[in-house]
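Student: Got a structure for you, questions after.
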Amino acid sequence: MKHTNETLRLRVNRIRAEAKGILSIELNDPQQAELPAFTPGAHLELRLPGGHRRHYSLFNDPSERNRYLIAVSLAANSRGGSQHIHSSLREGDMVTSSAPRNNFALADTAGCYCFVAGGIGITPLMSMIRWCVTQGKDWRLIYTARSSHRAAFYEDLQALSTKRVQCHFTEESGGRLDHQALIASLAADEHLFCCGPDSLMQALLTAGKAVSNRLHFEWFSPPETLPQAHSADEGFELILRKSGKVLRVPPQQSILETLESHGLEVPWSCRAGICRSCETAVCSGTPEHLDLVLSDEERTSNQSMLICVSRAVTPSLELNL
Ligand code: FES
């Protein structure tokens with residue numbers, strides 16, 4: 001799904017405790033109008049007080065057009081996002097949100113699907129699982145959490161299928177997940193989708209190097225091993241088509257930082273190439289894509305780039321800014 005700048009005003013219709021430290025929130029249009037559609041794995045970017053922008057995955061069935069469901073885990077070191085939602089958000093409040101975006105799209109041509117969730121990472125996988133159930137696709141879930149009390153949607157998943165869901169609750173008797181064995185168990189046409197703590201995703205990324213084209217991750221923060229820029233030691237010319245400005249991006253400085261140093265404001269959230277908030281259309285020149293979310297097709301087309309991390313392989317790059 002392409003990035004869209006559409007902004008929605010949504011009403012908090014219901015807040016419910018899903019598990020220890022996890023709230024689910026139902027959002028509707030205040031006039032009960034149909035909401036923009038979303039695809040499995042999509043998220044909303046909520047605009048919270050204090051200028052905070054936070055991404056929350058949608059966990060309801062993508063065929064539903066009357067509501068969005070998100071789940072929010074109270075982060076131990078919350079910088080304002082989950083803390084605000086847990087302590088201040090009430091039913092009846094209005095919130096501002098982006099339209100749904102998807103950086104974690106389902107490869108719908110896979111023969112079967114292996115989902116791996118760590119804690120609150122279950123949320124985007126729930127919409128994928130619901131899609132699989134509706135479409136009659138073969139799926140399985142490996143769910144890791146500290147305990148069943150902390151595992152959101154545990155009962156829903158048990159009701160959906162006990163034989164497809166395998167739990168590893170570290171404070172109970174689930175045992176630890178064997179990453180090598182899991183990768184080895186993937187069928188030839190099986191794709192793995194993982195969302196959870198960086199340690200879990202990094203372990204699967206390392207174990208699954210040989211089948212990396214069938215592994216899909218939703219990163220909350222950048223992985224330890226980031227794509228390396230070949231062009232980091234070289235500067236390049238940056239032309240801004242709308243304003244007519246011409247700037248120089250120095251070595252070791254991002255396009256986003258260069259724009260900011262000239263007093264130009266552009267949207268951003270993660271500054272790490274994992275959220276798409278800074279996606280910008282490319283008019284001419286060739287980007288060096290260093291993000292973690294564009295698809296292979298999007299990289300090849302060079303129609304847009306994530307300016308917080310990506311650079312240029314050509315001496316000049318023109319952006320639609
Ligand atoms: Fe998140 Fe650039 S700000 S990808």
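Following the order of the structure tokens, first chain is A, next is B, and so on, with residues numbered from 1 inside each chain and ligands from 1 in the order they appear.
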With only C-alpha atoms and all ligand atoms counted and 9 Å as the cut-off, give the residues of chain A in contact with ligand 1, each with its shortest interatomic distance in Å and the pair that gives it, as JSON lines.
Tutor:
```
{"residue": "A:Leu256", "atom": "CA", "partner": "ligand 1", "partner_atom_place_in_ligand_line": "2 (Fe)", "distance": 8.3}
{"residue": "A:Pro267", "atom": "CA", "partner": "ligand 1", "partner_atom_place_in_ligand_line": "3 (S)", "distance": 7.2}
{"residue": "A:Trp268", "atom": "CA", "partner": "ligand 1", "partner_atom_place_in_ligand_line": "3 (S)", "distance": 3.9}
{"residue": "A:Ser269", "atom": "CA", "partner": "ligand 1", "partner_atom_place_in_ligand_line": "3 (S)", "distance": 4.3}
{"residue": "A:Cys270", "atom": "CA", "partner": "ligand 1", "partner_atom_place_in_ligand_line": "1 (Fe)", "distance": 3.9}
{"residue": "A:Arg271", "atom": "CA", "partner": "ligand 1", "partner_atom_place_in_ligand_line": "3 (S)", "distance": 3.9}
{"residue": "A:Ala272", "atom": "CA", "partner": "ligand 1", "partner_atom_place_in_ligand_line": "1 (Fe)", "distance": 5.5}
{"residue": "A:Gly273", "atom": "CA", "partner": "ligand 1", "partner_atom_place_in_ligand_line": "4 (S)", "distance": 3.5}
{"residue": "A:Ile274", "atom": "CA", "partner": "ligand 1", "partner_atom_place_in_ligand_line": "4 (S)", "distance": 4.6}
{"residue": "A:Cys275", "atom": "CA", "partner": "ligand 1", "partner_atom_place_in_ligand_line": "1 (Fe)", "distance": 3.9}
{"residue": "A:Arg276", "atom": "CA", "partner": "ligand 1", "partner_atom_place_in_ligand_line": "4 (S)", "distance": 4.0}
{"residue": "A:Ser277", "atom": "CA", "partner": "ligand 1", "partner_atom_place_in_ligand_line": "1 (Fe)", "distance": 4.9}
{"residue": "A:Cys278", "atom": "CA", "partner": "ligand 1", "partner_atom_place_in_ligand_line": "2 (Fe)", "distance": 4.3}
{"residue": "A:Glu279", "atom": "CA", "partner": "ligand 1", "partner_atom_place_in_ligand_line": "2 (Fe)", "distance": 6.5}
{"residue": "A:Asp291", "atom": "CA", "partner": "ligand 1", "partner_atom_place_in_ligand_line": "4 (S)", "distance": 6.8}
{"residue": "A:Leu292", "atom": "CA", "partner": "ligand 1", "partner_atom_place_in_ligand_line": "4 (S)", "distance": 8.2}
{"residue": "A:Val293", "atom": "CA", "partner": "ligand 1", "partner_atom_place_in_ligand_line": "4 (S)", "distance": 7.9}
{"residue": "A:Met305", "atom": "CA", "partner": "ligand 1", "partner_atom_place_in_ligand_line": "2 (Fe)", "distance": 8.9}
{"residue": "A:Leu306", "atom": "CA", "partner": "ligand 1", "partner_atom_place_in_ligand_line": "2 (Fe)", "distance": 5.1}
{"residue": "A:Ile307", "atom": "CA", "partner": "ligand 1", "partner_atom_place_in_ligand_line": "2 (Fe)", "distance": 5.9}
{"residue": "A:Cys308", "atom": "CA", "partner": "ligand 1", "partner_atom_place_in_ligand_line": "2 (Fe)", "distance": 4.4}
{"residue": "A:Val309", "atom": "CA", "partner": "ligand 1", "partner_atom_place_in_ligand_line": "2 (Fe)", "distance": 6.6}
{"residue": "A:Ser310", "atom": "CA", "partner": "ligand 1", "partner_atom_place_in_ligand_line": "2 (Fe)", "distance": 8.7}
```
Student: Save the residues we just selected, C-alpha atoms, as a PDB file, in the first residue's frame?
Tutor:
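And here's again27.pdb as it stands now:
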```
ATOM      1  CA  LEU A 256      16.267  14.698   5.901  1.00  0.00           C
ATOM      2  CA  PRO A 267       7.151  14.588   7.885  1.00  0.00           C
ATOM      3  CA  TRP A 268       9.157  11.940   9.724  1.00  0.00           C
ATOM      4  CA  SER A 269       8.699   9.494  12.570  1.00  0.00           C
ATOM      5  CA  CYS A 270      11.352   6.764  13.002  1.00  0.00           C
ATOM      6  CA  ARG A 271      14.339   8.352  11.178  1.00  0.00           C
ATOM      7  CA  ALA A 272      15.543   4.796  10.627  1.00  0.00           C
ATOM      8  CA  GLY A 273      13.944   3.630   7.374  1.00  0.00           C
ATOM      9  CA  ILE A 274      11.257   1.489   8.959  1.00  0.00           C
ATOM     10  CA  CYS A 275       8.051   3.569   8.997  1.00  0.00           C
ATOM     11  CA  ARG A 276       7.638   5.303   5.584  1.00  0.00           C
ATOM     12  CA  SER A 277       6.581   8.595   7.167  1.00  0.00           C
ATOM     13  CA  CYS A 278       9.262  10.450   5.166  1.00  0.00           C
ATOM     14  CA  GLU A 279       8.523   8.789   1.813  1.00  0.00           C
ATOM     15  CA  ASP A 291      15.414   1.444   4.090  1.00  0.00           C
ATOM     16  CA  LEU A 292      13.882  -1.773   5.368  1.00  0.00           C
ATOM     17  CA  VAL A 293      10.327  -1.457   4.095  1.00  0.00           C
ATOM     18  CA  MET A 305      12.461   6.933  -1.503  1.00  0.00           C
ATOM     19  CA  LEU A 306      12.735   7.240   2.274  1.00  0.00           C
ATOM     20  CA  ILE A 307      14.819  10.343   2.784  1.00  0.00           C
ATOM     21  CA  CYS A 308      15.754   9.693   6.424  1.00  0.00           C
ATOM     22  CA  VAL A 309      18.227   6.969   5.366  1.00  0.00           C
ATOM     23  CA  SER A 310      18.424   6.609   1.585  1.00  0.00           C
TER      24      SER A 310
END
```
Student: Which neighbours of region 52-65 of chain A fall inside 6 Å, counting only C-alpha atoms, when residues of the same chain fewer than 2 positions from it are skipped, and could you give them as a PyMOL selection string?
Tutor: chain A and resi 34-35+38-39+42-48+50+67+69-70+123-124+126-127+130
Student: As a count of residues only, which residues of region 47-110 of chain A does DSSP assign to helix (DSSP H, G or I)?
Tutor: 10
Student: Between A:Arg311, A:His86, A:Arg214, A:His262, single out the one closest to Thr286 (chain A), counting only C-alpha atoms.
Tutor: A:Arg311
Student: Would you give me, as a PyMOL selection string, the residues in region 37-270 of chain A that DSSP reads as strand (DSSP E)?
Tutor: chain A and resi 43-48+52-57+68-73+94-98+112-118+138-145+165-169+190-195+215-218+236-240+246-249
Student: Expressed in Å to a single decimal, how great is the separation between CA of Cys167 (chain A) and CA of Ser148 (chain A)?
Tutor: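 Straight-line distance from CA of Cys167 (chain A) to CA of Ser148 (chain A) works out to 8.7 Å.
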Student: So how many Å separate CA of Ser212 (chain A) and CA of Gln303 (chain A), to one decimal?
Tutor: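 Separating CA of Ser212 (chain A) from CA of Gln303 (chain A) is a distance of 24.7 Å.
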Student: For a quick check of understanding, using only C-alpha atoms, which of A:Ser301, A:Gln158, A:Thr144, A:Gln135 has the smallest distance to Cys194 (chain A)?
Tutor: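 The answer is A:Thr144, which sits nearest to Cys194 (chain A).
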Student: May I ask which of the residues A:Ala75, A:Asp198, A:Thr96, A:Phe153 is the closest one to Gly51 (chain A), counting only C-alpha atoms?
Tutor: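 Under the stated criterion, the closest residue is A:Thr96.
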